Amino acid sequence: MAAASLCAIAATLCHGYGSPAAAQDLTAGLAGQVDPDAELLLESSEITYDFDRDLIVATGDVQVYYDGSTVQAHQVVFDRKSQQLKASGNVIFIESNGNVVRTEEMVLSEDFSEGFARALQIDTTRRTRFLAEQARREGNNITTIDNGVYTVYTKPTNPPDKPPLWRVRAEKIIHNQQEKIIRFENAAFEVYGQPIAYLPYLSMPDPSVTRKSGFLMPSGIVNDKLGYGVTVPYFWALSPYYDATTILTPLTKQGLFGEVQYRQSFVAGQVSLSAAGLFQAQPGNFSTDRADDRLRGAVNSTASFNIAKDWTLGWDLTYKSDRQFFSDYSFTSFGGSDSSTIYLEGKTDRNALSVKAYAYQISQEDYTDSQFNANGFSPVGSSLQDKQPLVLPVIDYDYVFADPILAGELALTANFTSLTRDETDAFSIDGGTTAKFRGIDGTFSRVSVKGNWRRTFIDPLGQSFTPFAYMRGDLFFLASPDSDVTALTGESFVGRAMPAIGLEYRYPFIATFNGGNQILEPVAQVVARPNEQRIGELPNDDAQSIVFDTTTLFDYDKFSGFDRAEGGTRLNVGLNYKLQLDSGYYVSGLFGRSYQLAGDNSYAIPDILGATQDSGLETSLSDYVGSLYLDTQYGVKVGAQARLDKEDFTVNRIQAQASGIYGPVVSSLAYAFLNAQPDVGIDDPREELLGSASLRLEENWRIFGSMRYDLQNSNIVQDGLGIGYDDEGFSLSVTYAEDRSRNDGDDVNRTLYFRIGLRTIGTTQVSSGALN
């Protein structure tokens, strides 16, 4: 109903008993005790004043504007004796908050604080709707609806009288605007007009409320190891700045699972603290490490604070009692990751500094694989947690000088990393004789500083020349190295320097034709520098991943981190092609390779891991790399990256993905192939296909599915199938999924998800693992 006052009437168009000025005089004191500062305007085809009955009557396209509210009707009658206003004939009342009331007749007090109407409809700004046999408003606060219906509205239905998918019907609906509560008495929940649940009492916050204490929608759990359960969440709106949620989940096999989440906002940021756990009633249902303990749980905290201009301090910290806690109790609301991070970051337009610390608590279980054990070191697959490093700190600094240096751009990059590991992570591919190391026990620190200069010249022909130079220095601190790792240097401090100069050349040929244009651009880049020093004598933790493709073809240094520094003189060449059609089609491609011209090839000399020997860069003539990207601008996109053997063009690595939208179908497909890499223990090729699709059956119904398939071993790794319904007020989905990749003792993890959502009321779901 309304929340406004009527203070005066000014007629802009009058006929009958007075001129506009006279009408203004007659109506100037209609309102009584109202706000004298509020502005009011009345427009109508005719205004008359009945002196005998003391009535003011406005007729024909009446519109009354007052203090943000509007009444539209065929006729508005103001009775000065009773201080009531009666609107009739297609009445539309638009409140100052945006709600819209529609009825044929409405009676209001002179200040709109009280009123009565029959057969009305109220549409709120949150797209919710009340339908009522009659309604009355009292005290500018309480609206009581008799024999009413509450639902959400989306758009006109076909047929027009089709009932909404769901609604709540009640004898009384009481809306307290001050308390922002909607109460339903003797209510029934209906689906397609048919009652399916009787609710003697129901209350909920009104749609404008975003935070209010109360129970949230529960969800269900069905699992062979946990039993049956239902989550019962309660939200505590403690203040506008902090709140909490408590969740109790009784499980028939494991007992009572409890959670609590606390969140607080500050002027400069926010922080959260969450905890979950239980005393397991049947711990023997679990077989993974420490999962069969009585007490299991986890804690998590996140924060982000703007401590000063351009500076942010934050963290994301998680501790869990065992590796499989979040997998076994996947309904835990706050989840968790394997890593915990604390960070401090500062950024401006030209420089950035970040300080971070990482700790890892893995979810993978220990396993046995004697095939790759290295003599003198712990078996592969054992003590996996002890082989994870504590990284404290990682400091990165980047600065770009504002003023040109030698007419070019000068940038500085610095990094300091220190990590500690309790146990060496070693493996062997030759029966244990030669060990390779993913990580070394002890504490290792490195500081690296690099200055990079570049300048671009373009001649009258359009040729682009970019000379560049960089100087990099590294200092390693090796504390308590493992004495069994004989490849490492015995020195505590090791220095390394890498100067380089180079030139990059580009010459784009542009051809314009009727319907589009195309660009053919040859690119060549040469980098001259001395040989890399200390290969195989220093730890390597951040430069183990070597991916040679078109994205790294023109990188000055193709290593992924600072622990390695590419040396020798290298030439990188490629041919870039782009096609742009006026119709929207876009194609781009790049093909090229790399040449080691002089000096030692850093990728041919193995370090303590030896991951570079199958990288495609280990010989003087590298493998070929190519990429292709197609965008039709009509819903179809295709992209691919490939590395082809330098001898016979056989595929050594390929990644391809495609996505498309065609009519009711939305689909994606990804393919990955990695050839055998015997130098790192991958004796057989790896090949996978990942696809997903969704088919819209009708306006609101869809079916969807996904599959991850191991082509090499002819094995389905993951698959899922589901059906869903979605509209603006209701959503429902049922999904069945299988996972064969988890290392938790089960060959296949099967899960059934059922989810239902009612807008403004809540969302609930049931997840089942009972099919295992």
# chains A, B, ... in the order shown; residues from 1 in each chain; ligands from 1

$ residues_around --residues "Pro404 in chain A" --least-positions-apart "6" --cutoff "12 Å" --atoms "only C-alpha atoms" --output "list in words"
Leu410, Ala411, Trp453, Arg454 and Arg455 of chain A

$ atom_distance --atom1 "CA of Pro389 in chain A" --atom2 "CA of Thr612 in chain A"
22.3 Å

$ residues_around --residues "range 654-668 of chain A" --least-positions-apart "3" --cutoff "7 Å" --atoms "only C-alpha atoms" --output "PDB file with N, CA, C and O atoms, in the first residue's frame"
ATOM      1  N   GLY A 635      28.791 -17.467 -32.729  1.00  0.00           N
ATOM      2  CA  GLY A 635      28.669 -18.487 -31.709  1.00  0.00           C
ATOM      3  C   GLY A 635      29.669 -19.619 -31.798  1.00  0.00           C
ATOM      4  O   GLY A 635      29.713 -20.468 -30.903  1.00  0.00           O
ATOM      5  N   VAL A 636      30.486 -19.690 -32.839  1.00  0.00           N
ATOM      6  CA  VAL A 636      31.456 -20.779 -33.001  1.00  0.00           C
ATOM      7  C   VAL A 636      32.868 -20.215 -32.869  1.00  0.00           C
ATOM      8  O   VAL A 636      33.236 -19.275 -33.578  1.00  0.00           O
ATOM      9  N   LYS A 637      33.648 -20.801 -31.946  1.00  0.00           N
ATOM     10  CA  LYS A 637      35.041 -20.417 -31.745  1.00  0.00           C
ATOM     11  C   LYS A 637      35.890 -21.678 -31.705  1.00  0.00           C
ATOM     12  O   LYS A 637      35.509 -22.667 -31.078  1.00  0.00           O
ATOM     13  N   VAL A 638      37.043 -21.611 -32.372  1.00  0.00           N
ATOM     14  CA  VAL A 638      37.958 -22.749 -32.424  1.00  0.00           C
ATOM     15  C   VAL A 638      39.364 -22.231 -32.178  1.00  0.00           C
ATOM     16  O   VAL A 638      39.770 -21.210 -32.750  1.00  0.00           O
ATOM     17  N   GLY A 639      40.120 -22.924 -31.346  1.00  0.00           N
ATOM     18  CA  GLY A 639      41.508 -22.565 -31.095  1.00  0.00           C
ATOM     19  C   GLY A 639      42.357 -23.804 -30.907  1.00  0.00           C
ATOM     20  O   GLY A 639      41.888 -24.820 -30.391  1.00  0.00           O
ATOM     21  N   ALA A 640      43.619 -23.747 -31.342  1.00  0.00           N
ATOM     22  CA  ALA A 640      44.501 -24.907 -31.221  1.00  0.00           C
ATOM     23  C   ALA A 640      45.941 -24.449 -31.113  1.00  0.00           C
ATOM     24  O   ALA A 640      46.341 -23.435 -31.705  1.00  0.00           O
ATOM     25  N   GLN A 641      46.726 -25.194 -30.331  1.00  0.00           N
ATOM     26  CA  GLN A 641      48.171 -25.025 -30.210  1.00  0.00           C
ATOM     27  C   GLN A 641      48.800 -26.388 -30.454  1.00  0.00           C
ATOM     28  O   GLN A 641      48.335 -27.402 -29.914  1.00  0.00           O
ATOM     29  N   ALA A 642      49.859 -26.451 -31.271  1.00  0.00           N
ATOM     30  CA  ALA A 642      50.480 -27.735 -31.591  1.00  0.00           C
ATOM     31  C   ALA A 642      51.997 -27.587 -31.654  1.00  0.00           C
ATOM     32  O   ALA A 642      52.520 -26.516 -32.014  1.00  0.00           O
ATOM     33  N   ARG A 643      52.676 -28.656 -31.286  1.00  0.00           N
ATOM     34  CA  ARG A 643      54.128 -28.761 -31.465  1.00  0.00           C
ATOM     35  C   ARG A 643      54.393 -29.997 -32.309  1.00  0.00           C
ATOM     36  O   ARG A 643      54.002 -31.110 -31.947  1.00  0.00           O
ATOM     37  N   VAL A 651      52.972 -35.247 -34.458  1.00  0.00           N
ATOM     38  CA  VAL A 651      52.507 -34.404 -33.365  1.00  0.00           C
ATOM     39  C   VAL A 651      53.157 -34.841 -32.056  1.00  0.00           C
ATOM     40  O   VAL A 651      53.041 -36.004 -31.651  1.00  0.00           O
ATOM     41  N   TYR A 671      40.537 -31.125 -26.670  1.00  0.00           N
ATOM     42  CA  TYR A 671      41.355 -32.307 -26.947  1.00  0.00           C
ATOM     43  C   TYR A 671      42.791 -31.996 -26.555  1.00  0.00           C
ATOM     44  O   TYR A 671      43.297 -30.891 -26.817  1.00  0.00           O
ATOM     45  N   ALA A 672      43.445 -32.942 -25.905  1.00  0.00           N
ATOM     46  CA  ALA A 672      44.834 -32.763 -25.490  1.00  0.00           C
ATOM     47  C   ALA A 672      45.620 -34.037 -25.786  1.00  0.00           C
ATOM     48  O   ALA A 672      45.144 -35.147 -25.525  1.00  0.00           O
ATOM     49  N   PHE A 673      46.827 -33.840 -26.348  1.00  0.00           N
ATOM     50  CA  PHE A 673      47.717 -34.963 -26.643  1.00  0.00           C
ATOM     51  C   PHE A 673      49.129 -34.580 -26.243  1.00  0.00           C
ATOM     52  O   PHE A 673      49.616 -33.497 -26.575  1.00  0.00           O
ATOM     53  N   LEU A 674      49.779 -35.459 -25.519  1.00  0.00           N
ATOM     54  CA  LEU A 674      51.172 -35.280 -25.138  1.00  0.00           C
ATOM     55  C   LEU A 674      51.914 -36.566 -25.475  1.00  0.00           C
ATOM     56  O   LEU A 674      51.567 -37.639 -24.962  1.00  0.00           O
ATOM     57  N   GLY A 691      34.431 -33.118 -23.253  1.00  0.00           N
ATOM     58  CA  GLY A 691      33.321 -32.489 -23.951  1.00  0.00           C
ATOM     59  C   GLY A 691      32.156 -32.214 -23.024  1.00  0.00           C
ATOM     60  O   GLY A 691      31.965 -32.902 -22.019  1.00  0.00           O
ATOM     61  N   SER A 692      31.389 -31.201 -23.356  1.00  0.00           N
ATOM     62  CA  SER A 692      30.171 -30.886 -22.619  1.00  0.00           C
ATOM     63  C   SER A 692      29.170 -30.287 -23.584  1.00  0.00           C
ATOM     64  O   SER A 692      29.541 -29.678 -24.598  1.00  0.00           O
ATOM     65  N   ALA A 693      27.894 -30.482 -23.285  1.00  0.00           N
ATOM     66  CA  ALA A 693      26.844 -29.959 -24.155  1.00  0.00           C
ATOM     67  C   ALA A 693      25.591 -29.730 -23.340  1.00  0.00           C
ATOM     68  O   ALA A 693      25.340 -30.393 -22.329  1.00  0.00           O
ATOM     69  N   SER A 694      24.825 -28.763 -23.800  1.00  0.00           N
ATOM     70  CA  SER A 694      23.534 -28.470 -23.197  1.00  0.00           C
ATOM     71  C   SER A 694      22.532 -28.253 -24.320  1.00  0.00           C
ATOM     72  O   SER A 694      22.809 -27.527 -25.280  1.00  0.00           O
ATOM     73  N   LEU A 695      21.379 -28.901 -24.217  1.00  0.00           N
ATOM     74  CA  LEU A 695      20.338 -28.813 -25.235  1.00  0.00           C
ATOM     75  C   LEU A 695      19.075 -28.268 -24.592  1.00  0.00           C
ATOM     76  O   LEU A 695      18.552 -28.860 -23.639  1.00  0.00           O
ATOM     77  N   ARG A 696      18.603 -27.131 -25.105  1.00  0.00           N
ATOM     78  CA  ARG A 696      17.364 -26.557 -24.597  1.00  0.00           C
ATOM     79  C   ARG A 696      16.200 -27.220 -25.318  1.00  0.00           C
ATOM     80  O   ARG A 696      16.034 -27.089 -26.532  1.00  0.00           O
TER      81      ARG A 696
END

$ residues_around --residues "Thr151 in chain A" --least-positions-apart "2" --cutoff "12 Å" --atoms "only C-alpha atoms" --output "ChimeraX atom specification"
/A:121-124,126-132,148-149,153-154,163-170,189-193,207,728-730,758-761

$ residues_around --residues "Val587 in chain A" --least-positions-apart "5" --cutoff "9 Å" --atoms "only C-alpha atoms" --output "list in words"
Tyr577, Lys578, Leu579, Gln580, Leu581, Leu628, Tyr629, Leu630, Asp631 and Thr632 of chain A

$ write_last_selection --atoms "N, CA, C and O atoms" --output "PDB file, in the first residue's frame"
ATOM      1  N   TYR A 577      49.729 -14.663 -39.381  1.00  0.00           N
ATOM      2  CA  TYR A 577      48.698 -14.383 -40.386  1.00  0.00           C
ATOM      3  C   TYR A 577      47.386 -14.023 -39.682  1.00  0.00           C
ATOM      4  O   TYR A 577      46.986 -14.679 -38.718  1.00  0.00           O
ATOM      5  N   LYS A 578      46.715 -12.952 -40.196  1.00  0.00           N
ATOM      6  CA  LYS A 578      45.427 -12.552 -39.654  1.00  0.00           C
ATOM      7  C   LYS A 578      44.488 -12.226 -40.805  1.00  0.00           C
ATOM      8  O   LYS A 578      44.878 -11.582 -41.785  1.00  0.00           O
ATOM      9  N   LEU A 579      43.238 -12.675 -40.658  1.00  0.00           N
ATOM     10  CA  LEU A 579      42.201 -12.406 -41.650  1.00  0.00           C
ATOM     11  C   LEU A 579      40.973 -11.875 -40.920  1.00  0.00           C
ATOM     12  O   LEU A 579      40.480 -12.508 -39.986  1.00  0.00           O
ATOM     13  N   GLN A 580      40.489 -10.720 -41.353  1.00  0.00           N
ATOM     14  CA  GLN A 580      39.297 -10.108 -40.751  1.00  0.00           C
ATOM     15  C   GLN A 580      38.300  -9.818 -41.856  1.00  0.00           C
ATOM     16  O   GLN A 580      38.590  -9.063 -42.785  1.00  0.00           O
ATOM     17  N   LEU A 581      37.122 -10.434 -41.796  1.00  0.00           N
ATOM     18  CA  LEU A 581      36.079 -10.199 -42.784  1.00  0.00           C
ATOM     19  C   LEU A 581      35.051  -9.225 -42.223  1.00  0.00           C
ATOM     20  O   LEU A 581      34.785  -9.200 -41.019  1.00  0.00           O
ATOM     21  N   LEU A 628      46.274 -21.757 -34.231  1.00  0.00           N
ATOM     22  CA  LEU A 628      45.183 -21.314 -35.093  1.00  0.00           C
ATOM     23  C   LEU A 628      44.017 -20.899 -34.212  1.00  0.00           C
ATOM     24  O   LEU A 628      43.681 -21.596 -33.257  1.00  0.00           O
ATOM     25  N   TYR A 629      43.416 -19.762 -34.546  1.00  0.00           N
ATOM     26  CA  TYR A 629      42.246 -19.286 -33.816  1.00  0.00           C
ATOM     27  C   TYR A 629      41.211 -18.809 -34.821  1.00  0.00           C
ATOM     28  O   TYR A 629      41.519 -18.055 -35.748  1.00  0.00           O
ATOM     29  N   LEU A 630      39.964 -19.267 -34.647  1.00  0.00           N
ATOM     30  CA  LEU A 630      38.860 -18.897 -35.525  1.00  0.00           C
ATOM     31  C   LEU A 630      37.687 -18.442 -34.681  1.00  0.00           C
ATOM     32  O   LEU A 630      37.286 -19.130 -33.745  1.00  0.00           O
ATOM     33  N   ASP A 631      37.144 -17.284 -35.021  1.00  0.00           N
ATOM     34  CA  ASP A 631      35.952 -16.764 -34.356  1.00  0.00           C
ATOM     35  C   ASP A 631      34.985 -16.332 -35.441  1.00  0.00           C
ATOM     36  O   ASP A 631      35.267 -15.425 -36.220  1.00  0.00           O
ATOM     37  N   THR A 632      33.840 -17.007 -35.522  1.00  0.00           N
ATOM     38  CA  THR A 632      32.868 -16.683 -36.560  1.00  0.00           C
ATOM     39  C   THR A 632      31.985 -15.503 -36.184  1.00  0.00           C
ATOM     40  O   THR A 632      31.254 -14.999 -37.027  1.00  0.00           O
TER      41      THR A 632
END
